[in-house]
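Coordinates as given in model.cif (mmCIF, C-alpha atoms):
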data_coords
loop_
_atom_site.group_PDB
_atom_site.id
_atom_site.type_symbol
_atom_site.label_atom_id
_atom_site.label_comp_id
_atom_site.auth_asym_id
_atom_site.auth_seq_id
_atom_site.Cartn_x
_atom_site.Cartn_y
_atom_site.Cartn_z
ATOM 1 C CA MET A 1153 -297.989 -94.441 0.936
ATOM 2 C CA SER A 1154 -301.691 -93.431 0.872
ATOM 3 C CA ILE A 1155 -304.490 -95.984 0.641
ATOM 4 C CA ASP A 1156 -305.586 -94.799 -2.802
ATOM 5 C CA SER A 1157 -302.079 -95.335 -4.202
ATOM 6 C CA ILE A 1158 -301.964 -98.818 -2.632
ATOM 7 C CA ILE A 1159 -305.292 -99.753 -4.244
ATOM 8 C CA GLU A 1160 -304.202 -98.187 -7.547
ATOM 9 C CA ASN A 1161 -300.984 -100.223 -7.575
ATOM 10 C CA ALA A 1162 -302.928 -103.386 -6.755
ATOM 11 C CA ILE A 1163 -305.587 -102.823 -9.452
ATOM 12 C CA ASN A 1164 -302.977 -101.975 -12.104
ATOM 13 C CA SER A 1165 -300.678 -104.828 -11.090
ATOM 14 C CA HIS A 1166 -299.423 -107.207 -13.786
ATOM 15 C CA SER A 1167 -300.531 -110.068 -11.574
ATOM 16 C CA LEU A 1168 -304.151 -111.091 -12.190
ATOM 17 C CA ALA A 1169 -304.593 -112.279 -8.595
ATOM 18 C CA ILE A 1170 -303.353 -108.979 -7.153
ATOM 19 C CA SER A 1171 -305.534 -106.989 -9.574
ATOM 20 C CA LEU A 1172 -308.621 -108.974 -8.582
ATOM 21 C CA ALA A 1173 -307.750 -108.549 -4.895
ATOM 22 C CA GLY A 1174 -307.419 -104.788 -5.442
ATOM 23 C CA LEU A 1175 -310.811 -104.659 -7.171
ATOM 24 C CA VAL A 1176 -312.403 -106.661 -4.336
ATOM 25 C CA VAL A 1177 -310.951 -104.314 -1.689
ATOM 26 C CA TYR A 1178 -312.080 -101.291 -3.702
ATOM 27 C CA GLY A 1179 -315.565 -102.802 -4.045
ATOM 28 C CA ILE A 1180 -315.753 -103.382 -0.278
ATOM 29 C CA ILE A 1181 -314.755 -99.743 0.342
ATOM 30 C CA ILE A 1182 -317.492 -98.546 -2.054
ATOM 31 C CA ALA A 1183 -320.069 -100.816 -0.363
ATOM 32 C CA LEU A 1184 -319.109 -99.504 3.078
ATOM 33 C CA LEU A 1185 -319.330 -95.937 1.770
ATOM 34 C CA ILE A 1186 -322.847 -96.559 0.427
ATOM 35 C CA PHE A 1187 -324.044 -98.187 3.672
ATOM 36 C CA ALA A 1188 -322.481 -95.438 5.798
ATOM 37 C CA PHE A 1189 -324.051 -92.708 3.666
ATOM 38 C CA SER A 1190 -327.452 -94.423 3.651
ATOM 39 C CA TYR A 1191 -327.428 -94.873 7.422
ATOM 40 C CA PHE A 1192 -326.075 -91.531 8.625
ATOM 41 C CA PHE A 1193 -327.615 -89.350 5.935
ATOM 42 C CA GLY A 1194 -330.929 -91.132 6.493
ATOM 43 C CA TRP A 1195 -330.694 -90.163 10.174
ATOM 44 C CA PHE A 1196 -329.641 -86.615 9.262
ATOM 45 C CA GLU A 1197 -332.556 -86.255 6.844
ATOM 46 C CA ARG A 1198 -335.057 -87.300 9.505
ATOM 47 C CA LYS A 1199 -333.578 -84.817 11.982
ATOM 48 C CA LEU A 1200 -333.553 -82.031 9.367
ATOM 49 C CA ILE A 1201 -337.167 -82.636 8.378
ATOM 50 C CA ALA A 1202 -338.158 -82.650 12.061
ATOM 51 C CA LYS A 1203 -336.250 -79.409 12.668
ATOM 52 C CA VAL A 1204 -338.019 -77.645 9.798
ATOM 53 C CA GLN A 1205 -341.390 -78.940 10.998
ATOM 54 C CA TYR A 1206 -340.710 -78.006 14.648
ATOM 55 C CA ARG A 1207 -340.407 -81.615 15.810
ATOM 56 C CA HIS A 1208 -337.652 -83.535 17.573
ATOM 57 C CA GLY A 1209 -337.246 -86.422 15.153
ATOM 58 C CA PRO A 1210 -335.498 -89.605 16.393
ATOM 59 C CA THR A 1211 -334.500 -89.161 20.042
ATOM 60 C CA TYR A 1212 -334.928 -92.366 22.077
ATOM 61 C CA VAL A 1213 -332.657 -95.010 20.510
ATOM 62 C CA GLY A 1214 -329.038 -93.974 21.009
ATOM 63 C CA LYS A 1215 -327.558 -90.522 21.540
ATOM 64 C CA TYR A 1216 -329.640 -88.008 19.549
ATOM 65 C CA GLY A 1217 -331.527 -90.997 18.102
ATOM 66 C CA ILE A 1218 -328.494 -92.092 16.074
ATOM 67 C CA LEU A 1219 -329.406 -95.793 16.496
ATOM 68 C CA GLN A 1220 -333.037 -95.344 15.415
ATOM 69 C CA ASN A 1221 -332.295 -96.364 11.833
ATOM 70 C CA PHE A 1222 -330.607 -99.536 13.084
ATOM 71 C CA ALA A 1223 -333.676 -100.372 15.188
ATOM 72 C CA ASP A 1224 -335.954 -99.742 12.197
ATOM 73 C CA LEU A 1225 -333.749 -101.933 10.004
ATOM 74 C CA VAL A 1226 -333.892 -104.817 12.478
ATOM 75 C CA LYS A 1227 -337.665 -104.515 12.666
ATOM 76 C CA LEU A 1228 -338.085 -104.479 8.875
ATOM 77 C CA LEU A 1229 -335.752 -107.426 8.289
ATOM 78 C CA ALA A 1230 -337.480 -109.452 10.994
ATOM 79 C CA LYS A 1231 -340.843 -109.304 9.220
ATOM 80 C CA GLU A 1232 -342.151 -112.015 6.925
ATOM 81 C CA ILE A 1233 -341.771 -111.738 3.155
ATOM 82 C CA ILE A 1234 -345.267 -111.917 1.653
ATOM 83 C CA VAL A 1235 -345.888 -111.972 -2.105
ATOM 84 C CA PRO A 1236 -349.458 -111.452 -3.419
ATOM 85 C CA ALA A 1237 -350.982 -114.538 -5.064
ATOM 86 C CA ASN A 1238 -351.471 -112.837 -8.450
ATOM 87 C CA ALA A 1239 -347.986 -111.294 -8.541
ATOM 88 C CA ASN A 1240 -345.035 -112.565 -10.562
ATOM 89 C CA LYS A 1241 -342.901 -113.883 -7.727
ATOM 90 C CA VAL A 1242 -339.654 -114.059 -9.709
ATOM 91 C CA ILE A 1243 -339.773 -110.446 -10.910
ATOM 92 C CA ILE A 1244 -340.921 -109.135 -7.529
ATOM 93 C CA ALA A 1245 -338.010 -110.936 -5.858
ATOM 94 C CA LEU A 1246 -335.264 -110.058 -8.343
ATOM 95 C CA ALA A 1247 -336.102 -106.650 -9.855
ATOM 96 C CA PRO A 1248 -335.515 -104.520 -6.703
ATOM 97 C CA VAL A 1249 -332.206 -106.326 -6.096
ATOM 98 C CA VAL A 1250 -331.130 -105.707 -9.706
ATOM 99 C CA LEU A 1251 -332.069 -102.028 -9.417
ATOM 100 C CA VAL A 1252 -329.920 -101.603 -6.298
ATOM 101 C CA ALA A 1253 -327.073 -103.559 -7.912
ATOM 102 C CA LEU A 1254 -327.101 -101.333 -11.017
ATOM 103 C CA ASN A 1255 -326.814 -98.144 -8.954
ATOM 104 C CA VAL A 1256 -324.060 -99.636 -6.784
ATOM 105 C CA PHE A 1257 -322.211 -100.698 -9.932
ATOM 106 C CA ILE A 1258 -322.389 -97.162 -11.330
ATOM 107 C CA ILE A 1259 -320.873 -95.751 -8.138
ATOM 108 C CA PHE A 1260 -318.203 -98.455 -8.393
ATOM 109 C CA LEU A 1261 -317.322 -97.146 -11.873
ATOM 110 C CA ILE A 1262 -317.069 -93.491 -10.794
ATOM 111 C CA PRO A 1263 -313.447 -92.395 -10.200
ATOM 112 C CA PHE A 1264 -312.894 -90.775 -6.802
ATOM 113 C CA SER A 1265 -309.480 -89.362 -7.723
ATOM 114 C CA PRO A 1266 -307.092 -89.512 -10.705
ATOM 115 C CA SER A 1267 -305.729 -92.746 -9.227
ATOM 116 C CA LEU A 1268 -308.579 -94.197 -7.140
ATOM 117 C CA GLN A 1269 -310.809 -95.797 -9.766
ATOM 118 C CA ALA A 1270 -311.796 -99.293 -10.774
ATOM 119 C CA SER A 1271 -311.255 -98.690 -14.495
ATOM 120 C CA SER A 1272 -310.364 -95.697 -16.646
ATOM 121 C CA LEU A 1273 -313.109 -95.849 -19.284
ATOM 122 C CA GLY A 1274 -312.776 -93.459 -22.209
ATOM 123 C CA LEU A 1275 -316.569 -93.468 -22.560
ATOM 124 C CA GLY A 1276 -317.190 -93.638 -18.804
ATOM 125 C CA LEU A 1277 -319.744 -90.829 -18.680
ATOM 126 C CA LEU A 1278 -321.732 -92.254 -21.596
ATOM 127 C CA PHE A 1279 -321.598 -95.751 -20.099
ATOM 128 C CA ILE A 1280 -322.979 -94.483 -16.774
ATOM 129 C CA PHE A 1281 -326.021 -92.851 -18.373
ATOM 130 C CA VAL A 1282 -326.655 -95.896 -20.552
ATOM 131 C CA ILE A 1283 -326.928 -97.992 -17.378
ATOM 132 C CA LEU A 1284 -329.178 -95.360 -15.783
ATOM 133 C CA GLY A 1285 -331.476 -95.742 -18.780
ATOM 134 C CA PHE A 1286 -332.514 -99.195 -17.513
ATOM 135 C CA THR A 1287 -334.162 -97.679 -14.416
ATOM 136 C CA PRO A 1288 -337.570 -96.918 -16.034
ATOM 137 C CA ILE A 1289 -337.732 -100.462 -17.456
ATOM 138 C CA ILE A 1290 -337.090 -102.084 -14.066
ATOM 139 C CA LEU A 1291 -339.557 -99.791 -12.272
ATOM 140 C CA PHE A 1292 -342.237 -100.662 -14.821
ATOM 141 C CA MET A 1293 -341.505 -104.377 -14.373
ATOM 142 C CA ILE A 1294 -341.933 -104.098 -10.587
ATOM 143 C CA GLY A 1295 -345.244 -102.233 -10.868
ATOM 144 C CA PHE A 1296 -346.637 -104.475 -13.617
ATOM 145 C CA ALA A 1297 -345.530 -107.721 -11.947
ATOM 146 C CA SER A 1298 -347.210 -106.811 -8.650
ATOM 147 C CA GLY A 1299 -350.679 -107.490 -10.052
ATOM 148 C CA ASN A 1300 -351.935 -104.362 -8.286
ATOM 149 C CA LYS A 1301 -353.469 -101.658 -10.481
ATOM 150 C CA PHE A 1302 -352.294 -98.905 -8.132
ATOM 151 C CA SER A 1303 -348.695 -100.106 -8.278
ATOM 152 C CA ASP A 1304 -349.007 -100.425 -12.063
ATOM 153 C CA ILE A 1305 -350.318 -96.870 -12.420
ATOM 154 C CA SER A 1306 -347.541 -95.574 -10.175
ATOM 155 C CA ALA A 1307 -344.905 -97.382 -12.238
ATOM 156 C CA GLN A 1308 -346.362 -95.910 -15.436
ATOM 157 C CA ARG A 1309 -346.196 -92.438 -13.883
ATOM 158 C CA SER A 1310 -342.565 -92.997 -12.904
ATOM 159 C CA VAL A 1311 -341.664 -94.188 -16.402
ATOM 160 C CA LEU A 1312 -343.336 -91.198 -18.075
ATOM 161 C CA MET A 1313 -341.605 -88.811 -15.695
ATOM 162 C CA LEU A 1314 -338.170 -90.409 -16.035
ATOM 163 C CA ILE A 1315 -338.327 -90.389 -19.841
ATOM 164 C CA SER A 1316 -339.458 -86.752 -19.832
ATOM 165 C CA TYR A 1317 -336.445 -85.665 -17.770
ATOM 166 C CA GLU A 1318 -333.793 -88.087 -19.008
ATOM 167 C CA LEU A 1319 -333.880 -86.523 -22.479
ATOM 168 C CA PRO A 1320 -332.938 -82.977 -21.339
ATOM 169 C CA MET A 1321 -330.429 -84.538 -18.912
ATOM 170 C CA ILE A 1322 -328.730 -86.389 -21.788
ATOM 171 C CA ILE A 1323 -328.663 -83.191 -23.867
ATOM 172 C CA VAL A 1324 -326.850 -81.395 -21.030
ATOM 173 C CA VAL A 1325 -324.365 -84.268 -20.728
ATOM 174 C CA ALA A 1326 -323.817 -84.191 -24.502
ATOM 175 C CA THR A 1327 -323.198 -80.438 -24.278
ATOM 176 C CA ILE A 1328 -320.542 -80.972 -21.614
ATOM 177 C CA ALA A 1329 -318.944 -83.740 -23.698
ATOM 178 C CA LEU A 1330 -318.958 -81.413 -26.733
ATOM 179 C CA PHE A 1331 -317.269 -78.713 -24.680
ATOM 180 C CA THR A 1332 -314.546 -81.004 -23.322
ATOM 181 C CA GLY A 1333 -314.231 -83.132 -26.456
ATOM 182 C CA SER A 1334 -314.429 -86.354 -24.433
ATOM 183 C CA TYR A 1335 -316.744 -88.618 -22.467
ATOM 184 C CA SER A 1336 -313.927 -89.465 -20.065
ATOM 185 C CA ILE A 1337 -314.669 -88.374 -16.491
ATOM 186 C CA ASN A 1338 -310.984 -87.661 -15.860
ATOM 187 C CA SER A 1339 -310.850 -85.321 -18.892
ATOM 188 C CA LEU A 1340 -314.093 -83.660 -17.826
ATOM 189 C CA ILE A 1341 -312.767 -82.861 -14.344
ATOM 190 C CA ALA A 1342 -309.427 -81.701 -15.752
ATOM 191 C CA ALA A 1343 -311.306 -79.231 -17.970
ATOM 192 C CA GLN A 1344 -312.746 -77.635 -14.807
ATOM 193 C CA SER A 1345 -309.373 -77.005 -13.138
ATOM 194 C CA LYS A 1346 -309.688 -73.241 -13.691
ATOM 195 C CA LEU A 1347 -313.431 -72.680 -13.894
ATOM 196 C CA PRO A 1348 -316.222 -75.144 -12.997
ATOM 197 C CA PHE A 1349 -318.966 -75.796 -15.506
ATOM 198 C CA ALA A 1350 -321.494 -74.433 -12.990
ATOM 199 C CA VAL A 1351 -320.157 -70.977 -13.921
ATOM 200 C CA ILE A 1352 -319.838 -71.667 -17.640
ATOM 201 C CA MET A 1353 -323.220 -73.417 -17.991
ATOM 202 C CA PRO A 1354 -325.590 -72.178 -15.265
ATOM 203 C CA ILE A 1355 -328.614 -73.085 -17.399
ATOM 204 C CA GLY A 1356 -327.208 -76.577 -17.843
ATOM 205 C CA LEU A 1357 -326.700 -76.898 -14.089
ATOM 206 C CA PHE A 1358 -330.304 -75.879 -13.428
ATOM 207 C CA VAL A 1359 -331.701 -78.311 -16.008
ATOM 208 C CA PHE A 1360 -329.511 -81.176 -14.841
ATOM 209 C CA PHE A 1361 -330.304 -80.579 -11.157
ATOM 210 C CA VAL A 1362 -334.069 -80.515 -11.775
ATOM 211 C CA ALA A 1363 -333.798 -83.583 -14.021
ATOM 212 C CA MET A 1364 -331.762 -85.382 -11.360
ATOM 213 C CA LEU A 1365 -334.469 -84.652 -8.771
ATOM 214 C CA ALA A 1366 -336.925 -86.345 -11.123
ATOM 215 C CA GLU A 1367 -334.501 -89.233 -11.732
ATOM 216 C CA LEU A 1368 -334.203 -89.740 -7.968
ATOM 217 C CA GLU A 1369 -337.997 -89.430 -7.552
ATOM 218 C CA ARG A 1370 -337.405 -86.900 -4.816
ATOM 219 C CA PRO A 1371 -339.912 -84.130 -3.976
ATOM 220 C CA PRO A 1372 -341.509 -82.372 -5.729
ATOM 221 C CA PHE A 1373 -341.286 -85.289 -8.185
ATOM 222 C CA ASP A 1374 -342.223 -88.114 -5.788
ATOM 223 C CA THR A 1375 -345.311 -89.151 -7.748
ATOM 224 C CA ARG A 1376 -344.736 -92.809 -6.848
ATOM 225 C CA GLU A 1377 -345.960 -92.066 -3.300
ATOM 226 C CA ALA A 1378 -349.005 -89.935 -3.999
ATOM 227 C CA ASP A 1379 -350.597 -91.140 -0.770
ATOM 228 C CA SER A 1380 -354.143 -90.024 -1.527
ATOM 229 C CA GLU A 1381 -354.529 -92.188 -4.649
ATOM 230 C CA LEU A 1382 -351.561 -94.562 -5.018
ATOM 231 C CA ILE A 1383 -350.708 -95.504 -1.401
ATOM 232 C CA ALA A 1384 -346.953 -96.211 -1.690
ATOM 233 C CA GLY A 1385 -346.854 -96.524 -5.480
ATOM 234 C CA TRP A 1386 -344.830 -99.336 -7.020
ATOM 235 C CA LEU A 1387 -343.598 -100.137 -3.487
ATOM 236 C CA THR A 1388 -347.099 -100.973 -2.232
ATOM 237 C CA ASP A 1389 -346.866 -104.767 -2.582
ATOM 238 C CA LEU A 1390 -343.245 -105.111 -1.474
ATOM 239 C CA SER A 1391 -342.879 -106.636 1.986
ATOM 240 C CA ALA A 1392 -340.920 -105.051 4.828
ATOM 241 C CA PRO A 1393 -337.470 -106.513 3.932
ATOM 242 C CA TYR A 1394 -337.848 -105.237 0.371
ATOM 243 C CA TYR A 1395 -339.014 -101.896 1.715
ATOM 244 C CA ALA A 1396 -335.732 -101.731 3.650
ATOM 245 C CA LEU A 1397 -333.965 -102.473 0.355
ATOM 246 C CA SER A 1398 -335.917 -99.640 -1.296
ATOM 247 C CA LEU A 1399 -334.675 -97.234 1.394
ATOM 248 C CA LEU A 1400 -331.110 -98.329 0.625
ATOM 249 C CA LEU A 1401 -331.906 -97.752 -3.059
ATOM 250 C CA ASP A 1402 -333.164 -94.221 -2.377
ATOM 251 C CA TYR A 1403 -329.994 -93.153 -0.581
ATOM 252 C CA THR A 1404 -327.741 -94.980 -3.034
ATOM 253 C CA ARG A 1405 -329.389 -93.027 -5.852
ATOM 254 C CA MET A 1406 -329.047 -89.805 -3.861
ATOM 255 C CA LEU A 1407 -325.322 -90.415 -3.352
ATOM 256 C CA LEU A 1408 -324.988 -91.208 -7.052
ATOM 257 C CA GLY A 1409 -326.861 -88.032 -8.001
ATOM 258 C CA GLY A 1410 -324.663 -85.922 -5.723
ATOM 259 C CA LEU A 1411 -321.505 -87.470 -7.186
ATOM 260 C CA LEU A 1412 -322.627 -86.892 -10.775
ATOM 261 C CA ILE A 1413 -323.562 -83.248 -10.177
ATOM 262 C CA ALA A 1414 -320.274 -82.650 -8.341
ATOM 263 C CA ILE A 1415 -318.318 -84.202 -11.219
ATOM 264 C CA LEU A 1416 -320.204 -82.526 -14.035
ATOM 265 C CA PHE A 1417 -320.494 -79.002 -12.650
ATOM 266 C CA PHE A 1418 -318.330 -78.456 -9.561
ATOM 267 C CA GLY A 1419 -314.924 -79.780 -10.534
ATOM 268 C CA GLY A 1420 -315.232 -83.244 -9.001
ATOM 269 C CA TRP A 1421 -312.242 -83.922 -6.766
ATOM 270 C CA GLU A 1422 -310.546 -80.585 -7.535
ATOM 271 C CA GLY A 1423 -309.801 -78.590 -4.372
ATOM 272 C CA PRO A 1424 -306.963 -77.395 -2.121
ATOM 273 C CA PHE A 1425 -305.405 -79.037 0.963
ATOM 274 C CA LEU A 1426 -307.707 -82.062 1.359
ATOM 275 C CA PRO A 1427 -307.263 -85.417 -0.442
ATOM 276 C CA ALA A 1428 -309.071 -85.670 -3.786
ATOM 277 C CA PRO A 1429 -311.642 -88.346 -2.742
ATOM 278 C CA LEU A 1430 -312.587 -86.289 0.298
ATOM 279 C CA TRP A 1431 -313.267 -83.226 -1.844
ATOM 280 C CA LEU A 1432 -315.564 -85.209 -4.130
ATOM 281 C CA LEU A 1433 -317.483 -86.660 -1.179
ATOM 282 C CA ILE A 1434 -317.834 -83.259 0.523
ATOM 283 C CA LYS A 1435 -319.312 -81.757 -2.642
ATOM 284 C CA ALA A 1436 -321.662 -84.733 -3.045
ATOM 285 C CA PHE A 1437 -322.835 -84.421 0.591
ATOM 286 C CA ILE A 1438 -323.513 -80.692 0.185
ATOM 287 C CA ILE A 1439 -325.567 -81.388 -2.946
ATOM 288 C CA ALA A 1440 -327.461 -84.158 -1.108
ATOM 289 C CA PHE A 1441 -328.170 -81.648 1.682
ATOM 290 C CA PHE A 1442 -329.781 -79.246 -0.805
ATOM 291 C CA ILE A 1443 -331.795 -82.109 -2.295
ATOM 292 C CA THR A 1444 -333.107 -82.844 1.209
ATOM 293 C CA LEU A 1445 -333.795 -79.163 1.846
ATOM 294 C CA ILE A 1446 -335.965 -79.090 -1.270
ATOM 295 C CA ARG A 1447 -337.878 -82.079 0.086
ATOM 296 C CA VAL A 1448 -338.882 -80.251 3.263
ATOM 297 C CA THR A 1449 -339.738 -76.944 1.574
ATOM 298 C CA THR A 1450 -341.712 -77.952 -1.535
ATOM 299 C CA MET A 1451 -345.001 -79.673 -2.234
ATOM 300 C CA ARG A 1452 -345.586 -82.638 -4.513
ATOM 301 C CA MET A 1453 -346.509 -81.631 -8.086
ATOM 302 C CA ARG A 1454 -349.361 -83.134 -10.080
ATOM 303 C CA VAL A 1455 -348.210 -85.592 -12.704
ATOM 304 C CA ASP A 1456 -349.512 -83.469 -15.602
ATOM 305 C CA LYS A 1457 -347.583 -80.452 -14.345
ATOM 306 C CA ILE A 1458 -344.459 -82.592 -13.929
ATOM 307 C CA LEU A 1459 -344.675 -83.749 -17.549
ATOM 308 C CA LYS A 1460 -345.391 -80.212 -18.767
ATOM 309 C CA LEU A 1461 -342.358 -78.895 -16.872
ATOM 310 C CA GLY A 1462 -340.174 -81.558 -18.465
ATOM 311 C CA TRP A 1463 -341.297 -81.187 -22.067
ATOM 312 C CA VAL A 1464 -342.260 -77.516 -22.242
ATOM 313 C CA TRP A 1465 -339.527 -75.979 -20.077
ATOM 314 C CA MET A 1466 -336.614 -78.337 -19.374
ATOM 315 C CA MET A 1467 -336.214 -79.596 -22.935
ATOM 316 C CA PRO A 1468 -336.056 -76.102 -24.524
ATOM 317 C CA LEU A 1469 -333.705 -74.905 -21.754
ATOM 318 C CA ALA A 1470 -331.395 -77.861 -22.428
ATOM 319 C CA LEU A 1471 -331.350 -76.959 -26.138
ATOM 320 C CA ILE A 1472 -330.732 -73.297 -25.311
ATOM 321 C CA ASN A 1473 -327.811 -74.336 -23.121
ATOM 322 C CA LEU A 1474 -326.433 -76.370 -26.036
ATOM 323 C CA VAL A 1475 -326.741 -73.457 -28.476
ATOM 324 C CA ILE A 1476 -325.212 -70.907 -26.078
ATOM 325 C CA THR A 1477 -322.294 -73.212 -25.285
ATOM 326 C CA PHE A 1478 -321.683 -73.873 -28.988
ATOM 327 C CA PHE A 1479 -321.644 -70.233 -30.063
ATOM 328 C CA LEU A 1480 -319.889 -68.687 -27.045
ATOM 329 C CA PHE A 1481 -317.326 -71.294 -26.054
ATOM 330 C CA LEU A 1482 -316.652 -73.503 -29.091
#
Reformat the file's structure so that it appears as structure tokens.
Amino acid sequence: MSIDSIIENAINSHSLAISLAGLVVYGIIIALLIFAFSYFFGWFERKLIAKVQYRHGPTYVGKYGILQNFADLVKLLAKEIIVPANANKVIIALAPVVLVALNVFIIFLIPFSPSLQASSLGLGLLFIFVILGFTPIILFMIGFASGNKFSDISAQRSVLMLISYELPMIIVVATIALFTGSYSINSLIAAQSKLPFAVIMPIGLFVFFVAMLAELERPPFDTREADSELIAGWLTDLSAPYYALSLLLDYTRMLLGGLLIAILFFGGWEGPFLPAPLWLLIKAFIIAFFITLIRVTTMRMRVDKILKLGWVWMMPLALINLVITFFLFL
């Protein structure tokens, strides 16, 4: 019996204790997956960036520098937590933790196979994007509570950018739901058994991918770290341990973005030979690789150009994708 069937039987057991134990085990597996991805993909990203820039990257700590991230983590966690005198200490302490927890919870809700899932929500896709909608609010709270005008300006930039790109992203998701007739992730993946939505909706894939880059605040949309004027953006007043938490947040969001794109446009866990969860993870890793490749080959955009791209180009393209899908496929 495979591990996913064991967890499925435990979660769906008639015994409350066994169901809770199954959910706890599943949650531990998801947490380990997130930490493993954050650690090893963080190392891979540093090596890839170095390769493109004709550098070596991490080399000294461990074979091929594989333990460099561990050394950096120890150093960051060993530093003192300092909160500025004019900052709201409660919000500064809790908001980053809540932001990480929300993204981890979303990954916990994503099904990794027809059987390996915490709960089969009929409105699962809608519920996920509702939770994602809290991200701009939390980012603004962190920047505003810091008492630093540079962090505040950075948070305002992030909020404006996220709102500009979340609207076309939601339109693309609504188009997919209209096509499949359901917000269930299982139904959405089943609808791609013959042809992935990347082929049916290439415009939608382009809009969603660009919007996801903005949602992840990855280059060329990394306005929060416009070094010349905003230092480290809304992260400026966070001490080293919270900076380590922000790195975990970045890679958790990247994993989440890769999973969502794989589910929405590339058939999710559909694939031959390999187990379903492995297929979904492979697709998510490939998407994360392309997100990293964009980071090392593009330049940061000005905030006005970012907003213009979102409202003037992405929004109309999302509507065009909706109209084309309606008239050609429905």
Since I can't run it myself right now, could you work out what the PyMOL selection byres ((chain A and resi 1476) around 12) selects here and report it as an MDAnalysis selection string?
chainID A and resid 1324 1327:1328 1331 1352:1356 1469:1475 1477:1482
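Distances to Leu1390 (chain A) were evaluated for A:Lys1231, A:Arg1447, A:Arg1370, A:Arg1405 using only C-alpha atoms, and the minimum falls at A:Lys1231.
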Distance criterion (only C-alpha atoms): nearest to Ile1294 (chain A) out of A:Tyr1394, A:Phe1279, A:Phe1437, A:Phe1417
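Using only C-alpha atoms, Ile1294 (chain A) sits closest to A:Tyr1394.
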Give the answer as one residue: which of A:Leu1397, A:Ala1428, A:Leu1314, A:Leu1172 has the shortest atom-to-atom distance to Phe1264 (chain A), using all atoms listed in the file?
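Among the listed residues, the smallest separation from Phe1264 (chain A) belongs to A:Ala1428.
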Find the spatial neighbours of Lys1199 (chain A), counting only C-alpha atoms, within a cut-off of 8 Å - ignore same-chain residues fewer than 6 positions away - and output them as a ChimeraX atom specification.
/A:1208-1210
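Closest approach to Leu1175 (chain A) from the set A:Ser1303, A:Val1311, A:Gly1194, A:Phe1260 is made by A:Phe1260, with distances taken over all atoms listed in the file.
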To one decimal place in Å, what is the distance between CA of Ala1414 (chain A) and CA of Leu1432 (chain A)?
6.8 Å
With distances taken over only C-alpha atoms, which residue among A:Glu1369, A:Asp1224, A:Glu1318, A:Asp1304 lies nearest Ala1392 (chain A)?
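Using only C-alpha atoms, the shortest distance to Ala1392 (chain A) belongs to A:Asp1224.
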Proximity to Ser1190 (chain A) - best of A:Val1256, A:Leu1399, A:Ala1230, A:Gln1344, only C-alpha atoms:
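Of A:Val1256, A:Leu1399, A:Ala1230, A:Gln1344, the one nearest Ser1190 (chain A) is A:Leu1399, counting only C-alpha atoms.
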Leaving out Met1451 (chain A) and any residue of its chain fewer than 6 positions from it, which residues lie within 10 Å of it when counting only C-alpha atoms, given as a ChimeraX atom specification?
/A:1371-1374
With a distance cut-off of 9 Å and all atoms listed in the file, select the neighbouring residues of region 1419-1427 of chain A, excluding the residue or stretch itself and same-chain residues fewer than 4 positions from it, and output the selection as a PDB file with C-alpha atoms, keeping the file's coordinate frame.
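Saved as selection.pdb:
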ATOM      1  CA  PHE A1264    -312.894 -90.775  -6.802  1.00  0.00           C
ATOM      2  CA  SER A1265    -309.480 -89.362  -7.723  1.00  0.00           C
ATOM      3  CA  PRO A1266    -307.092 -89.512 -10.705  1.00  0.00           C
ATOM      4  CA  LEU A1340    -314.093 -83.660 -17.826  1.00  0.00           C
ATOM      5  CA  ILE A1341    -312.767 -82.861 -14.344  1.00  0.00           C
ATOM      6  CA  ALA A1342    -309.427 -81.701 -15.752  1.00  0.00           C
ATOM      7  CA  ALA A1343    -311.306 -79.231 -17.970  1.00  0.00           C
ATOM      8  CA  GLN A1344    -312.746 -77.635 -14.807  1.00  0.00           C
ATOM      9  CA  SER A1345    -309.373 -77.005 -13.138  1.00  0.00           C
ATOM     10  CA  LYS A1346    -309.688 -73.241 -13.691  1.00  0.00           C
ATOM     11  CA  LEU A1347    -313.431 -72.680 -13.894  1.00  0.00           C
ATOM     12  CA  PRO A1348    -316.222 -75.144 -12.997  1.00  0.00           C
ATOM     13  CA  PHE A1349    -318.966 -75.796 -15.506  1.00  0.00           C
ATOM     14  CA  ALA A1350    -321.494 -74.433 -12.990  1.00  0.00           C
ATOM     15  CA  LEU A1411    -321.505 -87.470  -7.186  1.00  0.00           C
ATOM     16  CA  LEU A1412    -322.627 -86.892 -10.775  1.00  0.00           C
ATOM     17  CA  ILE A1413    -323.562 -83.248 -10.177  1.00  0.00           C
ATOM     18  CA  ALA A1414    -320.274 -82.650  -8.341  1.00  0.00           C
ATOM     19  CA  ILE A1415    -318.318 -84.202 -11.219  1.00  0.00           C
ATOM     20  CA  TRP A1431    -313.267 -83.226  -1.844  1.00  0.00           C
ATOM     21  CA  LEU A1432    -315.564 -85.209  -4.130  1.00  0.00           C
ATOM     22  CA  LEU A1433    -317.483 -86.660  -1.179  1.00  0.00           C
ATOM     23  CA  LYS A1435    -319.312 -81.757  -2.642  1.00  0.00           C
ATOM     24  CA  ALA A1436    -321.662 -84.733  -3.045  1.00  0.00           C
TER      25      ALA A1436
END
Expand the PyMOL selection byres ((chain A and resi 1298) around 12) into the individual residues it matches in the shown file, reporting them as a ChimeraX atom specification.
/A:1234-1245,1247,1291-1297,1299-1307,1385-1391
